[in-house]
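> Data: work_13.cif, mmCIF, C-alpha atoms.
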data_target
#
loop_
_atom_site.label_atom_id
_atom_site.label_comp_id
_atom_site.auth_asym_id
_atom_site.auth_seq_id
_atom_site.Cartn_x
_atom_site.Cartn_y
_atom_site.Cartn_z
CA MET T 1 56.49 12.45 102.13
CA CYS T 2 54.43 13.24 105.22
CA GLU T 3 54.95 16.21 107.44
CA ALA T 4 53.49 17.17 110.79
CA THR T 5 53.61 20.64 112.29
CA GLY T 6 52.48 22.15 115.55
CA LEU T 7 53.71 19.22 117.65
CA ASN T 8 55.03 19.94 121.11
CA LEU T 9 57.82 17.34 121.29
CA THR T 10 60.01 17.39 124.37
CA HIS T 11 62.92 15.23 125.51
CA GLY T 12 61.74 11.86 126.77
CA LYS T 13 58.30 12.02 125.21
CA THR T 14 57.03 8.86 123.51
CA VAL T 15 55.06 9.18 120.29
CA TYR T 16 53.44 6.69 117.93
CA VAL T 17 53.16 7.43 114.25
CA THR T 18 49.94 6.28 112.59
CA ILE T 19 49.46 6.44 108.84
CA LYS T 20 46.06 6.02 107.27
CA CYS T 21 45.73 5.58 103.53
CA VAL T 22 42.37 5.95 101.77
CA ASN T 23 41.86 5.06 98.10
CA ASN T 24 39.39 6.51 95.60
CA ILE T 25 36.56 4.21 96.70
CA GLU T 26 37.02 5.07 100.39
CA LEU T 27 38.74 1.80 101.41
CA ALA T 28 41.26 2.54 104.17
CA SER T 29 44.32 0.89 105.71
CA THR T 30 46.01 2.02 108.90
CA VAL T 31 49.54 1.25 110.09
CA SER T 32 51.04 2.33 113.44
CA SER T 33 54.70 2.44 114.37
CA SER T 34 56.47 1.09 117.39
CA PRO T 35 57.09 3.73 120.04
CA VAL T 36 59.34 6.56 118.90
CA TYR T 37 61.26 8.22 121.74
CA ILE T 38 62.02 11.89 121.43
CA SER T 39 65.64 12.34 122.46
CA LEU T 40 66.92 15.92 122.44
CA ASP T 41 69.35 15.97 125.39
CA LYS T 42 72.28 13.88 126.62
CA PRO T 43 71.94 11.31 129.45
CA ARG T 44 72.72 12.57 132.96
CA ALA T 45 75.98 11.36 134.49
CA ASN T 46 75.71 13.22 137.83
CA THR T 47 74.31 10.11 139.57
CA ALA T 48 76.58 7.63 137.77
CA SER T 49 79.39 5.77 139.50
CA LEU T 50 82.42 3.96 138.14
CA GLU T 51 84.60 1.55 140.08
CA ILE T 52 87.72 -0.39 139.20
CA ASP T 53 87.80 -3.99 140.41
CA PRO T 54 91.49 -4.49 141.29
CA ILE T 55 93.11 -7.59 139.84
CA THR T 56 95.81 -9.08 142.10
CA VAL T 57 95.56 -6.53 144.90
CA THR T 58 98.85 -5.56 146.51
CA ALA T 59 99.96 -3.28 149.29
CA GLN T 60 103.14 -1.55 148.12
CA HIS T 61 104.08 1.02 150.72
CA ASP T 62 106.98 2.54 148.71
CA TYR T 63 104.48 4.38 146.53
CA PHE T 64 102.67 5.99 149.44
CA THR T 65 105.39 7.85 151.33
CA GLY T 66 103.80 11.00 152.70
CA VAL T 67 100.39 10.32 151.19
CA ALA T 68 97.32 10.42 153.42
CA ALA T 69 94.56 9.09 151.18
CA THR T 70 92.79 5.93 150.09
CA VAL T 71 94.51 4.57 146.99
CA GLU T 72 93.28 1.69 144.80
CA VAL T 73 96.22 -0.59 143.95
CA GLN T 74 96.75 -3.67 141.79
CA SER T 75 99.87 -5.50 140.66
CA ASN T 76 98.55 -6.89 137.36
CA GLN T 77 100.24 -4.92 134.55
CA SER T 78 98.17 -6.09 131.61
CA CYS T 79 94.47 -6.26 132.65
CA LEU T 80 91.97 -3.74 133.94
CA GLN T 81 88.43 -4.54 135.09
CA PHE T 82 85.78 -1.95 135.93
CA HIS T 83 82.01 -1.59 136.27
CA TRP T 84 79.53 1.28 136.36
CA ASP T 85 75.88 2.19 136.89
CA GLY T 86 73.61 5.15 137.54
CA PHE T 87 73.47 6.94 134.19
CA GLU T 88 69.94 8.36 133.81
CA ASP T 89 67.76 9.52 130.94
CA VAL T 90 64.04 9.69 130.22
CA SER T 91 64.72 8.41 126.71
CA PRO T 92 66.29 4.94 126.48
CA ILE T 93 70.02 4.53 127.07
CA ILE T 94 71.09 2.28 124.22
CA GLY T 95 74.71 1.67 125.13
CA TYR T 96 77.95 2.70 126.76
CA GLY T 97 81.44 3.61 125.64
CA TYR T 98 84.74 3.33 127.49
CA GLU T 99 88.36 4.38 127.11
CA ILE T 100 91.45 3.43 129.11
CA LEU T 101 94.29 5.92 129.52
CA ASP T 102 97.72 5.89 131.15
CA SER T 103 99.11 8.34 133.73
CA TYR T 104 100.06 10.78 130.97
CA ASN T 105 96.52 10.88 129.52
CA ASN T 106 97.57 8.79 126.50
CA SER T 107 94.76 6.57 125.26
CA LEU T 108 95.56 2.86 125.47
CA THR T 109 92.33 1.72 123.77
CA GLY T 110 90.63 4.64 122.05
CA TRP T 111 86.89 4.90 122.64
CA ARG T 112 85.27 1.45 122.45
CA GLU T 113 81.62 0.47 122.50
CA ALA T 114 80.48 -1.71 125.41
CA GLY T 115 76.93 -2.25 124.15
CA TYR T 116 74.52 -2.77 127.05
CA ARG T 117 77.23 -4.26 129.29
CA THR T 118 78.06 -2.36 132.47
CA MET T 119 81.35 -4.16 133.16
CA VAL T 120 84.52 -4.44 131.10
CA THR T 121 87.63 -6.56 131.52
CA LYS T 122 90.35 -5.48 129.11
CA CYS T 123 93.64 -7.40 128.91
CA GLY T 124 96.75 -6.89 126.84
CA LEU T 125 97.28 -3.36 128.14
CA PRO T 126 100.81 -1.93 128.53
CA LEU T 127 100.45 -0.83 132.17
CA SER T 128 103.60 0.11 134.08
CA SER T 129 104.40 -0.29 137.75
CA GLY T 130 104.29 3.05 139.53
CA GLN T 131 101.87 4.53 137.00
CA SER T 132 98.11 4.95 137.10
CA ALA T 133 95.54 3.50 134.74
CA VAL T 134 92.43 5.61 134.14
CA ALA T 135 89.03 4.31 133.02
CA ASP T 136 86.55 6.68 131.35
CA VAL T 137 82.91 5.72 130.67
CA ARG T 138 79.97 7.50 129.05
CA ALA T 139 76.40 6.57 128.04
CA VAL T 140 74.53 7.14 124.77
CA ASN T 141 70.76 7.48 124.37
CA SER T 142 68.40 6.70 121.49
CA GLY T 143 69.01 10.15 119.97
CA ASP T 144 72.74 9.41 119.73
CA HIS T 145 73.50 11.98 122.44
CA TRP T 146 76.51 11.07 124.63
CA SER T 147 76.62 11.85 128.34
CA ASP T 148 79.46 13.58 130.11
CA THR T 149 82.38 11.24 130.89
CA ILE T 150 82.94 9.78 134.35
CA SER T 151 86.43 8.62 135.36
CA THR T 152 88.31 6.66 137.98
CA SER T 153 91.89 5.43 138.33
CA ILE T 154 94.05 2.79 139.97
CA LEU T 155 97.76 2.65 140.80
CA ILE T 156 99.74 -0.18 139.23
CA ALA T 157 102.30 -1.44 141.77
CA SER T 158 104.05 -4.64 140.76
CA THR T 159 107.57 -4.15 142.09
CA SER T 160 108.57 -5.46 145.48
CA PRO T 161 109.01 -2.87 148.23
CA ARG T 162 112.50 -1.85 149.32
CA LEU T 163 113.89 -3.47 152.42
CA THR T 164 113.90 -0.73 155.03
CA GLY T 165 115.26 -2.50 158.07
CA GLN T 166 112.11 -1.51 159.97
CA ASP T 167 110.07 -4.10 161.82
CA SER T 168 106.84 -5.09 160.13
CA CYS T 169 104.94 -3.72 163.15
CA PHE T 170 106.38 -0.28 162.28
CA ILE T 171 104.87 -0.48 158.81
CA SER T 172 101.54 -1.87 160.02
CA LYS T 173 101.24 1.07 162.42
CA TYR T 174 101.04 3.43 159.44
CA PHE T 175 99.13 1.33 156.92
CA LYS T 176 95.75 -0.34 157.21
CA GLN T 177 94.49 -2.77 154.55
CA THR T 178 90.79 -2.61 153.68
CA GLU T 179 88.89 -4.81 151.24
CA ASN T 180 89.90 -2.95 148.06
CA ALA T 181 92.23 -0.24 149.19
CA LEU T 182 95.29 0.59 151.20
CA ILE T 183 94.72 3.46 153.59
CA VAL T 184 97.84 5.45 154.31
#
Could I get this structure in the form of structure tokens?

Amino acid sequence: MCEATGLNLTHGKTVYVTIKCVNNIELASTVSSSPVYISLDKPRANTASLEIDPITVTAQHDYFTGVAATVEVQSNQSCLQFHWDGFEDVSPIIGYGYEILDSYNNSLTGWREAGYRTMVTKCGLPLSSGQSAVADVRAVNSGDHWSDTISTSILIASTSPRLTGQDSCFISKYFKQTENALIV
């Protein structure tokens, strides 16, 4: 067993281990390691972003009565697709984990490993119309330290809107469709 003391190892530092063996007649062999990254802290998530890519986008105004916000909406009740980027660390990020939850914070998948991928499409989910689906993502570095979790959500709206008797121009006055969102 070898031991080294007095080293000033800080998070993100790269070290190489070199071992030199000398026998009784002064013949020597030297072996060096691949880089070893010192990882003492978790990756930073404060610059990370997470977005859901709506599948079968719909504009269901029944769900937005009295709401004045941008709301991501999709009608697909079994698939969720999302992507992320921006996790940072001075030691290597070696993977990501994700979890999908329902409106009541019940896990639909448990934490799953995504490897190096930064996009997930998960089908076979029991999503319900009128409920939200939540995606959580976190990063892990070479020291097996997990970042804080980032989250985003989308509204599942797969039922047809009620007939109101109002002209469509009345509805369009209050709702504006953008590329991925309905602005109320």
> Evaluate the PyMOL selection byres ((chain T and resi 132) around 7) here and jot the selected residues down as a list in words.
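Answer for the PyMOL selection byres ((chain T and resi 132) around 7): Asp102, Ser103, Gly130, Gln131, Ala133, Val134, Ser153, Ile154, Leu155 and Ile156 of chain T.
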> Take the PyMOL selection byres ((chain T and resi 104-116) around 12), run it mentally on this structure, and tell me the resulting residues as a ChimeraX atom specification.
/T:78-80,82-85,92-103,117-128,131-141,146,149,151,153
> Compare T:Thr5, T:Gly143, T:Glu88, T:Thr14 by their minimum atom-to-atom distance to Ala48 in chain T, counting only C-alpha atoms, and give me the closest one.
T:Glu88
> Taking the file as I've supplied it (selection: the PyMOL selection byres ((chain T and resi 17-24) around 10)), which residues are included? Please answer as a VMD selection string.
chain T and resid 2 15 to 16 25 to 36
> Between CA of Thr152 in chain T and CA of Ser75 in chain T, what is the spacing in Å?
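CA of Thr152 in chain T lies at a distance of 17.0 Å from CA of Ser75 in chain T.
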